[in-house]
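Structure file model.pdb with PDB, C-alpha atoms:
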```
MODEL        1
ATOM      1  CA  SER A   1       8.757  25.800  -0.944
ATOM      2  CA  TYR A   2       9.800  22.289  -1.888
ATOM      3  CA  PHE A   3       7.816  22.221  -5.087
ATOM      4  CA  TRP A   4       9.104  25.553  -6.281
ATOM      5  CA  LEU A   5      12.619  24.216  -5.735
ATOM      6  CA  ALA A   6      11.940  20.888  -7.452
ATOM      7  CA  ASN A   7      10.191  22.549 -10.396
ATOM      8  CA  ASN A   8      12.900  25.169 -10.870
ATOM      9  CA  LEU A   9      15.665  22.589 -10.820
ATOM     10  CA  CYS A  10      14.072  20.997 -13.880
ATOM     11  CA  GLU A  11      12.805  24.155 -15.555
ATOM     12  CA  GLY A  12      13.662  24.254 -19.237
ATOM     13  CA  ARG A  13      15.336  20.834 -19.205
ATOM     14  CA  ASP A  14      14.597  17.845 -21.380
ATOM     15  CA  LEU A  15      12.898  15.569 -18.850
ATOM     16  CA  ILE A  16      13.218  12.530 -21.088
ATOM     17  CA  THR A  17      16.976  12.418 -20.612
ATOM     18  CA  THR A  18      17.084  14.095 -17.192
ATOM     19  CA  SER A  19      15.237  12.797 -14.184
ATOM     20  CA  LEU A  20      14.751  14.602 -10.896
ATOM     21  CA  SER A  21      14.137  12.288  -7.978
ATOM     22  CA  CYS A  22      12.934  13.402  -4.570
ATOM     23  CA  LYS A  23      12.590  11.736  -1.187
ATOM     24  CA  LEU A  24      10.869  12.845   2.017
ATOM     25  CA  SER A  25      11.959  11.328   5.316
ATOM     26  CA  CYS A  26      12.300  12.086   9.020
ATOM     27  CA  ASP A  27      15.448  12.290  11.104
ATOM     28  CA  SER A  28      16.113   9.631  13.731
ATOM     29  CA  ASN A  29      14.538  11.767  16.483
ATOM     30  CA  LYS A  30      11.448  12.393  14.347
ATOM     31  CA  THR A  31      11.763  16.134  14.977
ATOM     32  CA  LYS A  32      12.814  17.225  11.477
ATOM     33  CA  VAL A  33      11.468  16.519   8.019
ATOM     34  CA  ILE A  34      14.191  16.011   5.420
ATOM     35  CA  PHE A  35      13.598  16.730   1.726
ATOM     36  CA  ARG A  36      16.332  15.370  -0.555
ATOM     37  CA  TRP A  37      16.608  15.633  -4.330
ATOM     38  CA  TRP A  38      19.058  14.443  -6.963
ATOM     39  CA  LYS A  39      19.315  14.387 -10.743
ATOM     40  CA  ILE A  40      19.907  11.328 -12.843
ATOM     41  CA  SER A  41      21.103  12.187 -16.320
ATOM     42  CA  LEU A  42      23.308  11.067 -19.173
ATOM     43  CA  ARG A  43      23.854  14.681 -20.248
ATOM     44  CA  ASN A  44      27.323  16.143 -19.723
ATOM     45  CA  GLU A  45      25.970  19.390 -18.286
ATOM     46  CA  PHE A  46      24.582  17.503 -15.251
ATOM     47  CA  HIS A  47      27.654  15.420 -14.376
ATOM     48  CA  GLU A  48      28.702  18.018 -11.807
ATOM     49  CA  SER A  49      25.245  18.475 -10.245
ATOM     50  CA  ARG A  50      25.132  17.459  -6.606
ATOM     51  CA  PRO A  51      22.230  16.192  -4.550
ATOM     52  CA  GLY A  52      20.421  18.714  -2.383
ATOM     53  CA  GLU A  53      18.823  18.585   1.026
ATOM     54  CA  ILE A  54      16.556  20.775   3.139
ATOM     55  CA  LYS A  55      15.742  20.063   6.793
ATOM     56  CA  GLU A  56      12.797  21.697   8.540
ATOM     57  CA  SER A  57      10.926  21.165  11.761
ATOM     58  CA  GLN A  58       7.701  19.215  11.424
ATOM     59  CA  GLU A  59       5.707  22.330  12.343
ATOM     60  CA  ASP A  60       7.321  24.361   9.540
ATOM     61  CA  PHE A  61       6.880  21.496   7.109
ATOM     62  CA  LEU A  62       3.186  21.116   7.932
ATOM     63  CA  ALA A  63       2.667  24.879   7.792
ATOM     64  CA  ASP A  64       3.968  25.023   4.196
ATOM     65  CA  SER A  65       0.683  25.501   2.330
ATOM     66  CA  SER A  66       2.184  24.604  -1.051
ATOM     67  CA  LEU A  67       2.568  21.020   0.135
ATOM     68  CA  HIS A  68      -1.044  20.660   1.190
ATOM     69  CA  SER A  69      -2.423  21.335  -2.260
ATOM     70  CA  ASN A  70       0.268  19.786  -4.443
ATOM     71  CA  TYR A  71       1.465  16.624  -2.795
ATOM     72  CA  ASP A  72      -0.728  13.716  -1.772
ATOM     73  CA  PHE A  73       1.368  11.852   0.780
ATOM     74  CA  LEU A  74      -1.167   9.068   1.250
ATOM     75  CA  GLU A  75      -1.046   8.140  -2.445
ATOM     76  CA  ARG A  76       2.725   7.853  -2.268
ATOM     77  CA  LEU A  77       3.000   5.596   0.768
ATOM     78  CA  PRO A  78       4.286   2.089   0.041
ATOM     79  CA  VAL A  79       1.616  -0.597  -0.283
ATOM     80  CA  PRO A  80       2.685  -2.633   2.793
ATOM     81  CA  LEU A  81       2.328   0.472   4.979
ATOM     82  CA  LEU A  82      -1.051   1.321   3.432
ATOM     83  CA  LEU A  83      -2.239  -2.254   4.030
ATOM     84  CA  TYR A  84      -1.239  -1.964   7.676
ATOM     85  CA  ILE A  85      -3.016   1.389   8.098
ATOM     86  CA  ILE A  86      -6.168   0.343   6.214
ATOM     87  CA  SER A  87      -6.486  -2.840   8.268
ATOM     88  CA  PHE A  88      -7.422  -0.638  11.277
ATOM     89  CA  LEU A  89     -10.324   1.068   9.472
ATOM     90  CA  GLU A  90     -13.967   0.178   9.898
ATOM     91  CA  LEU A  91     -15.501  -1.808   7.009
ATOM     92  CA  GLU A  92     -17.574   1.175   5.831
ATOM     93  CA  ASP A  93     -14.447   3.336   5.728
ATOM     94  CA  ILE A  94     -12.606   0.713   3.675
ATOM     95  CA  ALA A  95     -15.519   0.703   1.227
ATOM     96  CA  ARG A  96     -15.384   4.516   0.975
ATOM     97  CA  LEU A  97     -11.607   4.539   0.589
ATOM     98  CA  SER A  98     -11.850   2.038  -2.261
ATOM     99  CA  GLN A  99     -13.794   4.691  -4.212
ATOM    100  CA  VAL A 100     -11.058   7.349  -3.915
ATOM    101  CA  SER A 101      -8.783   6.126  -6.719
ATOM    102  CA  ARG A 102      -7.918   3.063  -8.751
ATOM    103  CA  ARG A 103      -4.885   2.466  -6.565
ATOM    104  CA  PHE A 104      -6.977   2.452  -3.390
ATOM    105  CA  GLU A 105      -9.631   0.315  -5.053
ATOM    106  CA  MET A 106      -6.963  -2.276  -5.848
ATOM    107  CA  ILE A 107      -5.490  -2.124  -2.336
ATOM    108  CA  CYS A 108      -8.881  -2.186  -0.551
ATOM    109  CA  ASN A 109      -9.947  -5.247  -2.520
ATOM    110  CA  SER A 110      -6.624  -7.054  -2.305
ATOM    111  CA  ASN A 111      -6.254 -10.506  -0.826
ATOM    112  CA  ALA A 112      -3.387  -9.239   1.315
ATOM    113  CA  LEU A 113      -5.623  -6.707   3.099
ATOM    114  CA  TRP A 114      -8.505  -9.106   3.652
ATOM    115  CA  GLU A 115      -6.212 -11.898   4.800
ATOM    116  CA  ASN A 116      -4.825  -9.503   7.413
ATOM    117  CA  ILE A 117      -8.347  -8.454   8.465
ATOM    118  CA  VAL A 118      -9.558 -12.064   8.740
ATOM    119  CA  GLU A 119      -6.495 -13.103  10.736
ATOM    120  CA  ASN A 120      -6.927 -10.146  13.111
ATOM    121  CA  LEU A 121     -10.648 -10.737  13.671
ATOM    122  CA  CYS A 122     -10.860 -14.537  13.775
ATOM    123  CA  ASP A 123      -9.698 -16.522  16.758
ATOM    124  CA  THR A 124      -8.491 -19.548  14.830
ATOM    125  CA  ILE A 125      -7.993 -20.217  11.153
ATOM    126  CA  THR A 126      -7.331 -23.824  10.328
ATOM    127  CA  PRO A 127      -5.090 -24.744   7.377
ATOM    128  CA  GLU A 128      -8.220 -26.026   5.676
ATOM    129  CA  MET A 129      -9.949 -22.676   6.115
ATOM    130  CA  LYS A 130      -6.839 -20.902   4.829
ATOM    131  CA  GLU A 131      -6.847 -23.045   1.669
ATOM    132  CA  LEU A 132     -10.521 -22.289   1.099
ATOM    133  CA  ALA A 133      -9.921 -18.550   1.601
ATOM    134  CA  GLN A 134      -7.047 -18.582  -0.880
ATOM    135  CA  GLU A 135      -9.210 -20.461  -3.338
ATOM    136  CA  MET A 136     -12.261 -18.196  -3.085
ATOM    137  CA  GLY A 137     -10.488 -14.953  -2.149
ATOM    138  CA  TRP A 138     -10.059 -13.549   1.363
ATOM    139  CA  LYS A 139     -12.649 -10.798   0.951
ATOM    140  CA  GLN A 140     -15.281 -13.277  -0.224
ATOM    141  CA  PHE A 141     -14.265 -15.586   2.629
ATOM    142  CA  PHE A 142     -14.731 -12.753   5.139
ATOM    143  CA  PHE A 143     -18.222 -11.869   3.919
ATOM    144  CA  THR A 144     -19.462 -15.460   3.537
ATOM    145  CA  ASN A 145     -21.618 -16.480   6.480
ATOM    146  CA  ARG A 146     -20.486 -19.224   8.822
ATOM    147  CA  LEU A 147     -23.016 -21.836   7.658
ATOM    148  CA  GLN A 148     -22.013 -21.433   4.025
ATOM    149  CA  LEU A 149     -18.339 -21.734   4.978
ATOM    150  CA  GLN A 150     -19.003 -24.916   6.927
ATOM    151  CA  LEU A 151     -20.895 -26.342   3.942
ATOM    152  CA  GLN A 152     -18.061 -25.453   1.559
ATOM    153  CA  LEU A 153     -15.465 -26.935   3.917
ATOM    154  CA  ARG A 154     -17.501 -30.147   4.195
ATOM    155  CA  ARG A 155     -17.738 -30.380   0.382
ATOM    156  CA  ARG A 156     -13.978 -29.841   0.071
ATOM    157  CA  ARG A 157     -13.308 -32.624   2.593
ATOM    158  CA  GLN A 158     -15.633 -34.998   0.756
ATOM    159  CA  LYS A 159     -13.979 -34.172  -2.566
ATOM    160  CA  GLN A 160     -10.493 -34.699  -1.101
ATOM    161  CA  ASP A 161     -11.585 -37.977   0.540
ATOM    162  CA  ALA A 162     -12.951 -39.201  -2.807
ATOM    163  CA  GLN A 163      -9.686 -38.268  -4.556
ATOM    164  CA  ASN A 164      -7.618 -39.959  -1.857
ATOM    165  CA  LYS A 165      -9.795 -43.079  -2.130
ATOM    166  CA  LYS A 166      -9.225 -43.250  -5.924
ATOM    167  CA  ILE A 167      -5.474 -42.900  -5.424
ATOM    168  CA  THR A 168      -5.317 -45.758  -2.895
ATOM    169  CA  GLU A 169      -7.384 -48.111  -5.057
TER     170      GLU A 169
ENDMDL
END
```
Kindly transcribe the structure held in the file into structure tokens.
Amino acid sequence: SYFWLANNLCEGRDLITTSLSCKLSCDSNKTKVIFRWWKISLRNEFHESRPGEIKESQEDFLADSSLHSNYDFLERLPVPLLLYIISFLELEDIARLSQVSRRFEMICNSNALWENIVENLCDTITPEMKELAQEMGWKQFFFTNRLQLQLQLRRRRQKQDAQNKKITE
């Protein structure tokens, strides 16, 4: 299995000065899963070590039971990809996902996610509305009812008009 291989490559080594890096990817046809590993070290004994690679079909990769219990792929996805995926979830599912870990709590409450959700669900967002959302936070903006938003926008306009009037005087 991949983890046996990765663990045995580092077995008995000083991991402070030797680092094992791994990467999972798919081939261009998306038919094979590619597991690559390489060592980064200042130690002389590792200067000759070469990177390694294993290619397996997706079926074989998914059938490897050691991966299912040891490696959480979702936790390791990059944030932009997670934001894209999460933006398709129902609101209740986003709330549940935010309780899974600190990382998901941060992502599920992020302005980036809620800005994406608001932009996907609202027909038009004026620059004024965008400014208000950035000021109050996109999640808060999303859950604020329409009447309250209109009131806040009106107050912002009045405040800006008063400031503009002072500047021109």
Translate the PyMOL selection byres ((chain A and resi 85-99) around 7), as applied to the file shown, into an explicit residue set as a list in words.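 What the PyMOL selection byres ((chain A and resi 85-99) around 7) grabs from the file is Leu81, Leu82, Leu83, Tyr84, Val100, Ser101, Phe104, Glu105, Cys108, Leu113, Asn116 and Ile117 of chain A.
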Explicit residue set for the PyMOL selection byres ((chain A and resi 133-144) around 12), as a PyMOL selection string: chain A and resi 91+94-95+107-122+125-132+145-153+156
Could you check how far CA of Gly52 in chain A sits from CA of Arg76 in chain A, in Å to one decimal?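 CA of Arg76 in chain A lies at a distance of 20.8 Å from CA of Gly52 in chain A.
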Can you work out which one of A:Lys166, A:Lys32, A:Arg102, A:Arg155 has the shortest atom-to-atom distance to Gln58 in chain A, counting all atoms listed in the file?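 Once distances to Gln58 in chain A are computed over all atoms listed in the file, the minimum belongs to A:Lys32.
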What is the CA of Pro51 in chain A to CA of Ala63 in chain A distance in Å?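 About the pair CA of Pro51 in chain A and CA of Ala63 in chain A: they are 24.7 Å apart.
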Best match for closeness to Val79 in chain A among A:Ile167, A:Met106, A:Leu24, A:Val33, counting only C-alpha atoms: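 Closest to Val79 in chain A of all the choices is A:Met106.
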Atomic distance CA of Ser25 in chain A - CA of Glu75 in chain A, expressed in Å with one decimal: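 Rounded to one decimal, the two atoms are 15.5 Å apart.
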Nearest to Glu56 in chain A: which of A:Ser28, A:Ile34, A:Asn164, A:Arg154 is it, counting only C-alpha atoms?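 Among the listed residues, the smallest separation from Glu56 in chain A belongs to A:Ile34.
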